[in-house]
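Okay, structure first, notes after.
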Amino acid sequence: MIINHPLLGPRDAQEFTYLGDAGLINRPYWLSDNAMRGFHDYLHLRDNPAGLHRELWFHEQGDRSWLVVTRDTTTHEITKVELARDVARAKRTAEATQ
Amino acid sequence: MRYSALRLIKESLIGHKGWGAQWRDPDPKDAYDYVIIGGGGHGLATAYYLAKEFQGARIAVLEKGWIGGGNVGRNTTIIRSNYLLDGNEPFYEFSLKLWENLEQDLNYNAMVSQRGILNLVHSDAQRDAARRRGNAMLLNGSDAMLLDKEGVRRLYPFLNFDNARFPIKGGLLHPRGGTVRHDAVAWGYARGADQRGVDIIQNCEVTGFKIKEGRLLGVETSRGYIGAKKVGVSVAGSSGRVMAMAGMRLPIESHVLQAFVSEGLKPFIPGVITYGAGHFYCSQSDKGGLVFGGDIDGYNSYAQRGNLPVVEDVVESGMSLIPGLGRARLLRSWGGIMDMSMDGSPFIDKTLIEGLYFNGGWCYGGFKATPAAGFCFAHLLKTGRPHETAKAYRLDRFMTGHIIDEKGQGAQPNLH
Ligand SMILES: Cc1cc2nc3c(=O)[nH]c(=O)nc-3n(C[C@H](O)[C@H](O)[C@H](O)COP(=O)(O)OP(=O)(O)OC[C@H]3O[C@@H](n4cnc5c(N)ncnc54)[C@H](O)[C@@H]3O)c2cc1C
């Protein structure tokens with residue numbers, strides 16, 4: 001697999017390590033009333049879709065950035081690559097303006 | 001039809017015209033008491049034990065493709081009872097005991113071969129861990145022997161003992177472990193279940209559940225609606241997809257695992273060898289091919305094929321352990337979809353939906369579990385209570401803190 005890094009261009013997937021579902025960016029708030037359930041679900045439950053999957057890859061052998069890769073789990077085709085920090089910032093901005 | 005030497009002689013005189021089909025090909029009925037989803041090893045074994053041991057009636061197995069086309073026909077056929085933790089080892093020991101009597105029970109040649117499994121150790125720390133594991137196995141009624149370097153050399157003189165980085169220091173031998181002809185396991189259970197009245201319905205994909213007020217009423221399939229009192233889901237790599245249709249998220253990710261087989265060679269690996277310093281294990285099939293594999297590819301996948309980096313990693317590890325491998329040609333490689341759980345251990349449990357039961361999360365090690373998983377799942381379906389050896393395999397164990405993490409890796413499926 002080739003991951004088209006937004007800053008470095010096409011890189012071999014071997015340079016990366018895989019963490020999992022990009023939902024892992026959304027850590028539950030630890031003081032909320034149902035934090036226990038929230039962290040249980042966050043840590044252990046997965047959508048695990050057959051089809052498009054947004055997932056976190058770490059460019060360990062490269063610039064050490066975290067990427068959000070959109071990949072089809074039935075074909076391994078990669079359709080979108082974003083910097084995870086951009087995704088997280090966009091989410092925070094969206095939440096702030098809500 | 002029973003198989004016997006006498007029958008074989010008789011058939012050879014009449015041109016083998018008397019062997020019938022091993023199981024029927026029935027159309028689905030309107031409703032069953034028990035519907036098992038998934039005609040892999042586990043689903044077929046569940047139906048078999050449900051009919052045989054638990055007097056279950058009106059049972060169907062629904063398989064979206066053909067039976068044996070999933071992981072039961074794709075694995076590297078290793079069976080063993082060499083786990084460390086209390087939640088696991090009694091279950092796998094129960095499974096190995098069922099394997100030991102399987103062929104008599106099924107009247108079917110599954111080529112169960114207890115040729116011994118050797119886990120190599122390459123450091124003092126690994127030897128300590130092997131000793132501890134061996135003791136845990138012995139305490140649970142399994143067998144284990146710690147071998148020193150010379151002991152390993154007597155069994156496998158051709159290994160790369162003096163590898164500068166990972167010299168072989170010894171190994172943990174599990175003599176009762178071995179291999180089984182995987183397809184024959186599916187066929188044997190299918191035939192046994194069919195003989196006891198189970199309908200095995202192939203080309204029948206479950207596409208939805210009918211649930212009313214928290215109770216399951218039946219399943220929608222590509223061959224129409226089928227009513228059911230109890231439904232057992234046993235679909236291995238498709239667990240997430242199928243349970244999502246019942247609105248459930250699971251502590252499971254689907255990953256691809258590859259396996260490889262070489263051209264046929266004269267016998268030279270009598271047992272199963274696993275490398276302690278790399279992702280590689282190997283045995284030799286009765287046809288002579290070296291059957292080997294390594295680690296999962298490491299990212300979510302439903303494509304039953306892997307990528308080249310893992311091929312390279314497995315072959316490199318193999319070469320560093322068995323240099324002679326370099327002269328053999330690789331014939332085939334393939335992949336299967338693993339239901340990797342969050343702690344590397346499986347689930348056999350009821351769900352919050354009444355009448356819906358789940359068996360899955362078997363990771364890359366569910367073949368050896370086939371008889372016990374079938375037995376324990378049948379026990380649960382019939383009695384509503386977990387079998388003694390499977391009571392740790394609960395879906396809520398991450399909430400209650402009773403995780404069963406053999407490797408101590410945490411909730412990271414691609415590390416188990
Ligand atoms: C390369 C490889 C090597 C392995 N090596 C070993 C090993 O050495 N030792 C070991 O113990 N384990 C091993 N395993 C793991 C083992 O094969 C599996 O854990 C085990 O086979 C899973 O149970 P099963 O046989 O029931 O699965 P499967 O045979 O996959 O059965 C599941 C069935 O469910 C069906 N299904 C899915 N969705 C639906 C639906 N919607 N409706 C109807 N049917 C459906 C599928 O078509 C499939 O036939 C290996 C696996 C692989 C891929």
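Ligands are numbered from 1 in the order shown, chains are lettered A, B, ... in the order of the structure tokens, and residues start at 1 in each chain.
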Worksheet item: Using only C-alpha atoms, which chain A residues lie at most 9 Å away from chain B, written as a list in words?
Response: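 That gives the following set of residues: Met1, Ala13, Gln14, Thr17, Tyr18, Leu19, Gly20, Asp21, Met36, Arg37, His40, Asp41, Leu43, His44, Leu45, Arg46, Asp47, Asn48, Pro49, Ala50, Gly51, His53, Glu55, Asp72, Thr73, Thr74, Thr75 and His76 of chain A.
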For the selection you just gave me, I'd like the residues written to a file as a JSON list (two decimals), in the first residue's frame, keeping C-alpha atoms.
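Here's the written file selection.json:
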```
[["chain", "number", "residue", "atom", "x", "y", "z"],
["A", 1, "MET", "CA", 0.00, 0.00, 0.00],
["A", 13, "ALA", "CA", 2.92, 1.97, 4.10],
["A", 14, "GLN", "CA", 5.83, 0.05, 5.66],
["A", 17, "THR", "CA", 2.55, 1.96, 12.13],
["A", 18, "TYR", "CA", -1.17, 1.46, 12.41],
["A", 19, "LEU", "CA", -3.24, 2.40, 15.43],
["A", 20, "GLY", "CA", -6.89, 1.92, 14.43],
["A", 21, "ASP", "CA", -10.20, 3.70, 13.95],
["A", 36, "MET", "CA", -16.80, 5.03, 32.79],
["A", 37, "ARG", "CA", -19.07, 3.84, 30.00],
["A", 40, "HIS", "CA", -15.10, 1.55, 27.96],
["A", 41, "ASP", "CA", -16.69, 2.15, 24.58],
["A", 43, "LEU", "CA", -11.18, 1.86, 24.27],
["A", 44, "HIS", "CA", -12.90, -1.38, 23.36],
["A", 45, "LEU", "CA", -15.82, -1.08, 20.93],
["A", 46, "ARG", "CA", -15.32, -0.59, 17.21],
["A", 47, "ASP", "CA", -17.57, -0.03, 14.18],
["A", 48, "ASN", "CA", -15.21, -2.28, 12.19],
["A", 49, "PRO", "CA", -16.87, -1.52, 8.82],
["A", 50, "ALA", "CA", -16.48, -3.50, 5.62],
["A", 51, "GLY", "CA", -15.93, -0.59, 3.22],
["A", 53, "HIS", "CA", -12.74, 3.21, 7.12],
["A", 55, "GLU", "CA", -8.05, 5.25, 10.50],
["A", 72, "ASP", "CA", -11.63, 0.75, 1.75],
["A", 73, "THR", "CA", -11.20, -2.33, 3.93],
["A", 74, "THR", "CA", -12.56, -4.59, 1.18],
["A", 75, "THR", "CA", -10.02, -3.49, -1.47],
["A", 76, "HIS", "CA", -7.27, -1.69, 0.55]]
```
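The protein and nucleic acid residues lying at most 7 Å from Leu83 (chain A) are Pro6, Trp66, Leu67 and Val68 of chain A, with only C-alpha atoms considered and sequence neighbours fewer than 6 positions away removed.
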For the residues selected in the previous step, produce a file with N, CA and C atoms as a tab-separated table (two decimals), in the first residue's frame.
```tsv
chain	number	residue	atom	x	y	z
A	6	PRO	N	0.25	14.09	3.02
A	6	PRO	CA	-0.08	15.45	2.58
A	6	PRO	C	1.16	16.36	2.47
A	66	TRP	N	0.96	12.11	12.67
A	66	TRP	CA	-0.19	11.21	12.66
A	66	TRP	C	-1.08	11.59	11.49
A	67	LEU	N	-1.53	10.58	10.75
A	67	LEU	CA	-2.39	10.84	9.60
A	67	LEU	C	-3.75	10.17	9.80
A	68	VAL	N	-4.77	10.78	9.22
A	68	VAL	CA	-6.08	10.11	9.13
A	68	VAL	C	-6.23	9.65	7.69
```
Discussion item. Measuring between only C-alpha atoms, which one of A:Thr70, A:Thr97, A:Asn26, A:Asn4 shows the shortest distance to Arg85 (chain A)?
Written reply: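 Ranking A:Thr70, A:Thr97, A:Asn26, A:Asn4 by distance to Arg85 (chain A), first place goes to A:Asn26.
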Worksheet entry | Protein and nucleic residues near ligand 1, 6 Å, only C-alpha atoms and all ligand atoms, as a ChimeraX atom specification | /B:37-43,62-65,67-72,74-79,205-207,234-236,238,242,257-259,335-337,362-368
Item to complete: Tell me which protein, DNA and RNA residues are within 7 Å of Ser81 (chain B), counting only C-alpha atoms, leaving out same-chain ones fewer than 3 positions away, and put them as a ChimeraX atom specification.
Response: /B:89,92-93,96,142,177
Fill in: In region 79-173 of chain B, DSSP helix (DSSP H, G or I) residues written as a PyMOL selection string
chain B and resi 89-100+102-106+124-139+149-155
Fill in: chain A: residues DSSP assigns to strand (DSSP E), reported as a PyMOL selection string
chain A and resi 2-5+9-12+17-21+52-58+66-72+78-83
Worksheet entry | Distance of CA of Thr179 (chain B) from CA of Ile201 (chain B), expressed in Å to one decimal place | 28.4 Å
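Nearest-residue note for Val87 (chain A): choosing from A:His5, A:Arg11, A:Gln61, A:Leu56, the minimum distance belongs to A:Leu56, counting only C-alpha atoms.
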Discussion item. Using Å and a single decimal, report how far CA of Ala31 (chain B) sits from CA of Ile226 (chain B).
Written reply: 5.2 Å
